[in-house]
Structure formats: structure tokens, C-alpha cells
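Notes follow the structure.
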Amino acid sequence: MPPKKPIRVRIAPSPTGYLHIGTARTALFNWLFAKSQGGSFILRIEDTDLERSNIAFEKDIIENLRWLGLTWDEGPALEKSEYIGDYGPYHQTKRLASYEKYIKKLLDENLAYYCFCAKEQLEEERQAMLSQGMAPKYSGRCRSLTSEQVQSMITAGDNYVIRFKMPSAQITFKDMIRGSVSFDADLMGDLVIAKNIQTPLYNFAVVIDDYEMNISHVIRGEDHLANTPKQIVIQKALGFNEPQYAHLPLILDKERGKMSKRFAATSIKEYRDQGYLPKTLINFMAFLGWHPQDDREILSNEELIKEFDIKRVQKAGAIFNLEKLDWLNAQYIKTLPDAELLPLLLPFKPQLKDLPERTALKIIATAKDRLKKLSDFKSLTDFFFTMPNYNASLLLWKNTAKDKTIKNLKTILQLLPDALEIKQFAEKEGRGEVLWPLRVALSGKDISPGPFEIMEALEENETKNRINIAIKKLRGDNGL
RNA sequence: GGUCCUAUCGUCUAGCCUGGUCUAGGACGCUGCCCUUUCACGGCGGAAACACGGGUUCGAAUCCCGUUGGGACCA
């Protein structure tokens, strides 16, 4: 038996925007595939579009992939401008010599040719074909140019592109998710593979990179499905082996279109900024188009790797369900110990830092079960930090009289700080009549954690202070 | 417009390959009850789907064909 080809997969983002949720999800599936098969996961930066590429975006992509825990075995090194891995460089802009080599090869072998057709002319032809109900496709006019003609036009400075001679053949490949898929290459027309000898276009560069990086499986979004036959044809012309393909269903927005900013945040950065945990995002993205055999919904990275099977991925697009994301995040937050939550909450409530750790942890404990996102923490706990402002009438439980409420609050003042005695008192007097005004006095809110939870985190003096203020409010003192 | 992909509750999905165990299972959301001073958490229930039409078969969510819907790509 021949030795098994090593499994090598890649994610190849363009740094033309922040790390997109779709890109992250593709990265995750590649990562899961690599991890579950003992293969390598490679990061390649497709930065040939100089105008739209931006180093800040590249940084964002690298940082957030790392934050998600999707670390790569080969690709750009983290801080330094170096690479990990033997197949570098992993930036397309640093691989131009390779592309040039293969473009020349195709040109030399007469498998590609220079095309000088003007854009306007092409567009006209396209419209004409369209109006006849035909598939728009390049006529192949420049195929027959002689090398002398080409030379003279190049020296004359005419604009050109390089086209690949599309064979007339049926291209069939096996998709790991969709099974056999076939296209008629004859319908495609001669593909532009490069703007010039140094400037390859996407479908060409990908083929070269995947070959040179020895990629065994190409796992990518369904939006690339129609690119696949084009790439296969180029591979064949160059004598490359064909990798295995898997096309993932797309993540859709509410209107069933491609995820767009109009509907929800599309970048990982935005979710991170809102306080979604990396574990949440990983778990959630894994379930967008995939499902384990059993009914479990909350799986750790290790469990995901163990269960992952690319054959089980869905064929149809999946709508991004924000409510479920929130629920999942809440589940993960609940499982985190308070002490681990503290540093994560700091960016959302910097004042936590000024508190004794013990107090900070108590505050966190009151909010933990109520958090969907870490960013919820601020509004949920503001009253701990600033004296609440509220109407005196809020202190009255149902139809309890003012005087009675004042009396109850005064009794509480006597009983402080003994929570047990206050509880006994509440049992005797009526829980609502005692605990409601106490809670409102402490929180200033109709909705909040319970009074004893709040007192745990508040200084005893502060507790007394707030109760006194409540009594004053009820008496109508100081115009309160 | 052409090509390709695709179709189970509102949403994510199990089941489909290897037809009967499916009066279709789970989760989110929605909703009723319980717990409870409020909210949240938690617990127990409920409503909610096999796109449609043909065929194959004793029998189809499951296999085949078509229609319709949705999506992607091409410029």
C-alpha cells in the first residue's frame, strides 16, 4: 500500500475586512477536520488585492483566530514577521515568483494566451449573448493571435489580460458533503487567470498555492462551488493532483441571504466586544450546519473534535440565530467560576478594579445568572456603584401603607447585619411587605437581585445609608 | 439570463445512505404551571414541521421523476 498522503487543510482569508463570522466558521471546520484526522491546519493570507488589503485587517484576523483558539500549525507567526512551517511564505504577495513561473509555463505550452479585447467590447458581446438567452462567455477571439501580433501589441503598450484555454469537457468532482458534482466547462469560456504576468487572479493563485503547500483537502464555503471546476481545469493543465473538496453550506441572515451587516454583526470582533465567550462562538459556529449523532448541544472543543465528521455536515444554508447564541453564551457564563469571570468583566466595568476582590466577586455572583453577554454586566450592576435614584412609591409593596413600610424598614435597621433575623421578621410580617421595600431601598429598581444577595456585596454602612434614604423618601423629607 | 447547489417545527437540527420501530426526537424562541418579595436561574408541561405533485412499493420524511421555493456563482 502506498503511504498515506498527509492531511493538510487551510484557511485562506483576504485581509479586506475584520475576521468575518463566515470565515471563522470555515476556519473552525477546517480546524476540526485537521484535529480529528491528525492533519495540519494552515493559515494563508490572500493579500494580492493591494487596494483593498490592509495590514490592520490582517492583524484582526490573526488575533481573533487566536482568540477563538483556532491556532494554526503553519502560517504567519504571531508577533514577528516570520513564518511557522516549511511551505512558506504564507502571504500571497510574497509568492509572486511562483505564480509568474506557472503563468509562463501555461503560456509557453500554449495553454493560455494574451487577450487584448477592450472591456467595452467584451461587455457589448456579453449583453448581446444575454439578450439571446445564452450564457455569456468569451468568444475566444484572441486565441488565434500570432506571437508576433502579441509582441507588437505589448510593446505598443496595449492593455491585456491572460486567459486560460478552457477545454470543452465535463468536469466532475466528488464533494465530501454533496457527493458528485459536475459542470460543463464548455459553458465557461476562457478564464482570465492573470491581469499580467505578475498579477494572478484568484482562481489561479489558489491552485498554485494549494499545490505548493501540498493541501490535501479544500474545505470552504459553498460560494466557491462554481469556482471548483475552473480550478480543477487549471490543475489538470499544470499536471497537479486534485485535492479533495468539501463545500460548506453558507451562513444566512434572516432574509435567507448571505450574512450581511444590515441584519447582525458580521465580524468576530464585534461579538467579542459585546462579551461573547470564545467557547460560545466555537460551539455555536460548529452547530451552524453540523450536528453530532446524539442530542447534546453544549460541547467542548475536545468533544467537538471527537465527534466531528465532515460527512455529517448539512447541505443547505443555515440561518444565524442570535437568540440561541445568547442562550449558549449564558450557559457558558454560568459555568465559569466568579474568579475567572472577574478579569473578563473588567473591560465592561472598570470600577471593579477599585473594589476589594471579595466585594467584586460578590457583585459578580449576583449578576452571573442574569448575563447573556458580558456587556450586560454594566447595566445590571450599576446600582452597586452609584446611589440609586427612584420614586418613593416604588418602595410600597402592593397595597402596603406608607407608615407600615417605614416601620418595617426601621425594624430592619435594628436587625442589621443579621440576615437570619431579617428573614424571620419577614416570615412574620409578610415577605413582600418586608423584602420588597428592602430590595428597592438597596437597588432602586423594580427588577434586581434579591436583597440578601445585594447586602452581601454592600458595606454595612452603605446598606444602612440606603435604607435611611428610603425612609426619608417615604416621609417626603428633603423634597425627595 | 445561464450554470450549479439545496428543501423536516419560526430558527438550528435528529431521522434519510441501509424504506416499516416516526401518531417525526432534541435545542433556541414562544407559551402554561411550579419555585419565588421582583427579575433571572432552575424544574415540569404545551403549541409548533416531513414544500407540492406524480411514481416505485404491501408500506415513503426516507428511493426515483417533475414542479415550486430558496441560495450561490458567472458580469
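Every chain in the C-alpha cells has a letter given in the order shown (A, B, ...), and although residue numbers restart at 1 in each chain, ligands are simply numbered from 1 in the order shown.
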*Could you pull the residues within 8 Å of range 46-56 of chain B, counting only C-alpha atoms (C1' of nucleotides), minus those fewer than 5 positions along the same chain, as a PyMOL selection string?*
chain B and resi 7-9+24+31-32+61+63-69
_Proximal residues of chain B relative to chain A (only C-alpha atoms (C1' of nucleotides); 6 Å) as number ranges by chain_ = B: 1-2, 6, 26, 28, 37-41, 72-73
*Any chance you could list, as a list of chain:residue names, the residues in range 101-211 of chain A that come up strand (DSSP E) when DSSP is run on the backbone?*
A:Ala112, A:Tyr113, A:Tyr114, A:Cys115, A:Val161, A:Ile162, A:Arg163, A:Phe164, A:Gln170, A:Ile171, A:Thr172, A:Phe173, A:Lys174, A:Asp175, A:Gly179, A:Ser180, A:Val181, A:Ser182, A:Phe183, A:Asp184, A:Leu191, A:Val192, A:Ile193, A:Ala194, A:Lys195, A:Asn196, A:Thr199, A:Pro200
_DSSP on the backbone, alpha helix (DSSP H) only: what residues of range 300-359 of chain A does that give? Format it as a PyMOL selection string._
chain A and resi 301-307+322-335+338-345+357-359
With N, CA and C atoms retained, write the just-selected residues as a short mmCIF file (atom, residue, chain, number, x, y, z; two decimals), in the first residue's frame.
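And here's again-v3.cif as it stands now:
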data_model
loop_
_atom_site.label_atom_id
_atom_site.label_comp_id
_atom_site.auth_asym_id
_atom_site.auth_seq_id
_atom_site.Cartn_x
_atom_site.Cartn_y
_atom_site.Cartn_z
N ASN A 301 -14.37 21.97 23.02
CA ASN A 301 -13.55 21.80 21.82
C ASN A 301 -13.12 20.34 21.66
N GLU A 302 -12.74 19.72 22.75
CA GLU A 302 -12.28 18.33 22.69
C GLU A 302 -13.40 17.42 22.21
N GLU A 303 -14.59 17.67 22.74
CA GLU A 303 -15.73 16.85 22.34
C GLU A 303 -16.08 17.09 20.87
N LEU A 304 -15.97 18.35 20.46
CA LEU A 304 -16.25 18.66 19.05
C LEU A 304 -15.29 17.91 18.15
N ILE A 305 -14.03 17.93 18.51
CA ILE A 305 -13.02 17.24 17.70
C ILE A 305 -13.34 15.75 17.65
N LYS A 306 -13.73 15.23 18.79
CA LYS A 306 -14.01 13.80 18.86
C LYS A 306 -15.22 13.42 18.00
N GLU A 307 -16.22 14.26 18.02
CA GLU A 307 -17.47 13.94 17.32
C GLU A 307 -17.47 14.37 15.86
N LEU A 322 -29.53 34.48 16.50
CA LEU A 322 -28.92 35.27 17.57
C LEU A 322 -29.41 34.84 18.96
N GLU A 323 -30.71 34.51 19.08
CA GLU A 323 -31.25 34.13 20.40
C GLU A 323 -30.55 32.88 20.94
N LYS A 324 -30.29 31.98 20.06
CA LYS A 324 -29.64 30.75 20.52
C LYS A 324 -28.20 31.02 20.93
N LEU A 325 -27.58 31.93 20.21
CA LEU A 325 -26.22 32.34 20.57
C LEU A 325 -26.23 32.90 21.99
N ASP A 326 -27.22 33.76 22.26
CA ASP A 326 -27.33 34.38 23.59
C ASP A 326 -27.53 33.32 24.65
N TRP A 327 -28.39 32.39 24.37
CA TRP A 327 -28.66 31.32 25.33
C TRP A 327 -27.39 30.52 25.62
N LEU A 328 -26.69 30.17 24.56
CA LEU A 328 -25.46 29.38 24.72
C LEU A 328 -24.43 30.15 25.54
N ASN A 329 -24.31 31.43 25.22
CA ASN A 329 -23.34 32.25 25.94
C ASN A 329 -23.69 32.30 27.43
N ALA A 330 -24.98 32.44 27.71
CA ALA A 330 -25.43 32.45 29.11
C ALA A 330 -25.05 31.14 29.79
N GLN A 331 -25.22 30.04 29.07
CA GLN A 331 -24.86 28.74 29.64
C GLN A 331 -23.37 28.69 30.00
N TYR A 332 -22.56 29.18 29.10
CA TYR A 332 -21.12 29.15 29.35
C TYR A 332 -20.72 30.09 30.48
N ILE A 333 -21.36 31.25 30.51
CA ILE A 333 -21.02 32.21 31.57
C ILE A 333 -21.36 31.59 32.93
N LYS A 334 -22.49 30.93 32.99
CA LYS A 334 -22.92 30.32 34.26
C LYS A 334 -21.92 29.29 34.79
N THR A 335 -21.24 28.62 33.87
CA THR A 335 -20.32 27.58 34.34
C THR A 335 -18.97 28.14 34.76
N ASP A 338 -16.65 32.55 39.51
CA ASP A 338 -16.65 34.02 39.64
C ASP A 338 -15.25 34.60 39.45
N ALA A 339 -14.28 33.92 40.00
CA ALA A 339 -12.92 34.45 39.93
C ALA A 339 -12.40 34.50 38.50
N GLU A 340 -12.88 33.58 37.68
CA GLU A 340 -12.46 33.61 36.27
C GLU A 340 -13.21 34.67 35.49
N LEU A 341 -14.39 34.96 35.97
CA LEU A 341 -15.23 35.95 35.31
C LEU A 341 -14.68 37.37 35.54
N LEU A 342 -14.10 37.56 36.71
CA LEU A 342 -13.63 38.90 37.09
C LEU A 342 -12.76 39.58 36.03
N PRO A 343 -11.68 38.97 35.61
CA PRO A 343 -10.86 39.66 34.60
C PRO A 343 -11.59 39.87 33.27
N LEU A 344 -12.51 38.98 32.97
CA LEU A 344 -13.25 39.11 31.70
C LEU A 344 -14.23 40.28 31.76
N LEU A 345 -14.70 40.60 32.97
CA LEU A 345 -15.69 41.66 33.11
C LEU A 345 -15.06 43.04 33.24
N GLU A 357 -11.27 42.57 46.19
CA GLU A 357 -11.63 41.45 45.33
C GLU A 357 -12.86 40.72 45.84
N ARG A 358 -12.91 40.58 47.17
CA ARG A 358 -14.02 39.87 47.79
C ARG A 358 -15.36 40.51 47.39
N THR A 359 -15.39 41.83 47.45
CA THR A 359 -16.62 42.55 47.10
C THR A 359 -16.94 42.39 45.62
#
_For Gln274 in chain A, find every residue with an atom within 8 Å (counting only C-alpha atoms (C1' of nucleotides)), except residues of its own chain fewer than 4 positions away, and show them as a ChimeraX atom specification._
/A:270,373-375
Contacts of Ile471 in chain A within 8 Å, only C-alpha atoms (C1' of nucleotides), excl. fewer than 3 positions in-chain, as a tab-separated table (two decimals) with all heavy atoms, in the first residue's frame:
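Once everything was written out, this is result.tsv:
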chain	number	residue	atom	x	y	z
A	406	ILE	N	-42.46	52.16	56.40
A	406	ILE	CA	-41.42	52.87	57.16
A	406	ILE	C	-41.06	52.08	58.42
A	406	ILE	O	-39.90	51.88	58.75
A	406	ILE	CB	-41.91	54.28	57.56
A	406	ILE	CG1	-42.07	55.15	56.29
A	406	ILE	CG2	-40.94	54.93	58.54
A	406	ILE	CD1	-42.67	56.51	56.54
A	409	LEU	N	-38.96	49.07	57.57
A	409	LEU	CA	-37.58	49.42	57.23
A	409	LEU	C	-36.79	49.76	58.49
A	409	LEU	O	-35.61	49.41	58.62
A	409	LEU	CB	-37.57	50.61	56.26
A	409	LEU	CG	-37.94	50.27	54.81
A	409	LEU	CD1	-38.08	51.54	53.97
A	409	LEU	CD2	-36.91	49.35	54.18
A	410	LYS	N	-37.47	50.45	59.44
A	410	LYS	CA	-36.80	50.80	60.69
A	410	LYS	C	-36.43	49.56	61.48
A	410	LYS	O	-35.34	49.47	62.07
A	410	LYS	CB	-37.70	51.71	61.54
A	410	LYS	CG	-37.69	53.13	61.05
A	410	LYS	CD	-38.49	54.02	62.00
A	410	LYS	CE	-38.05	55.47	61.90
A	410	LYS	NZ	-38.87	56.33	62.77
A	467	ILE	N	-31.06	52.46	53.31
A	467	ILE	CA	-32.35	52.26	53.97
A	467	ILE	C	-32.85	53.58	54.56
A	467	ILE	O	-34.02	53.94	54.45
A	467	ILE	CB	-32.25	51.17	55.04
A	467	ILE	CG1	-31.96	49.82	54.39
A	467	ILE	CG2	-33.55	51.09	55.85
A	467	ILE	CD1	-31.63	48.70	55.35
A	468	ASN	N	-31.93	54.33	55.15
A	468	ASN	CA	-32.31	55.64	55.69
A	468	ASN	C	-32.84	56.57	54.63
A	468	ASN	O	-33.81	57.30	54.84
A	468	ASN	CB	-31.10	56.28	56.39
A	468	ASN	CG	-30.96	55.77	57.82
A	468	ASN	OD1	-31.97	55.63	58.53
A	468	ASN	ND2	-29.74	55.45	58.22
A	474	LEU	N	-39.87	58.14	51.84
A	474	LEU	CA	-41.25	57.81	52.18
A	474	LEU	C	-41.90	58.92	53.01
A	474	LEU	O	-43.07	59.21	52.88
A	474	LEU	CB	-41.31	56.48	52.94
A	474	LEU	CG	-41.11	55.24	52.07
A	474	LEU	CD1	-40.91	54.01	52.94
A	474	LEU	CD2	-42.30	55.04	51.13
A	475	ARG	N	-41.10	59.53	53.83
A	475	ARG	CA	-41.64	60.61	54.65
A	475	ARG	C	-41.82	61.89	53.85
A	475	ARG	O	-42.44	62.83	54.31
A	475	ARG	CB	-40.68	60.92	55.81
A	475	ARG	CG	-40.79	59.92	56.94
A	475	ARG	CD	-39.80	60.32	58.00
A	475	ARG	NE	-39.89	59.44	59.16
A	475	ARG	CZ	-38.87	59.22	59.98
A	475	ARG	NH1	-37.70	59.83	59.74
A	475	ARG	NH2	-39.02	58.43	61.00
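Of the residues under consideration (A:Pro278, A:Ala118, A:Asp190, A:Lys174), A:Ala118 shows the shortest atom-to-atom contact distance to Asn159 in chain A when counting only C-alpha atoms.
Put simply, CA of Arg8 in chain A is 13.1 Å away from CA of Glu242 in chain A.
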*asked:* Nearest residue to Ile412 in chain A out of A:Arg163, A:Lys464, A:Lys378, A:Lys195, using only C-alpha atoms?
replied: A:Lys464
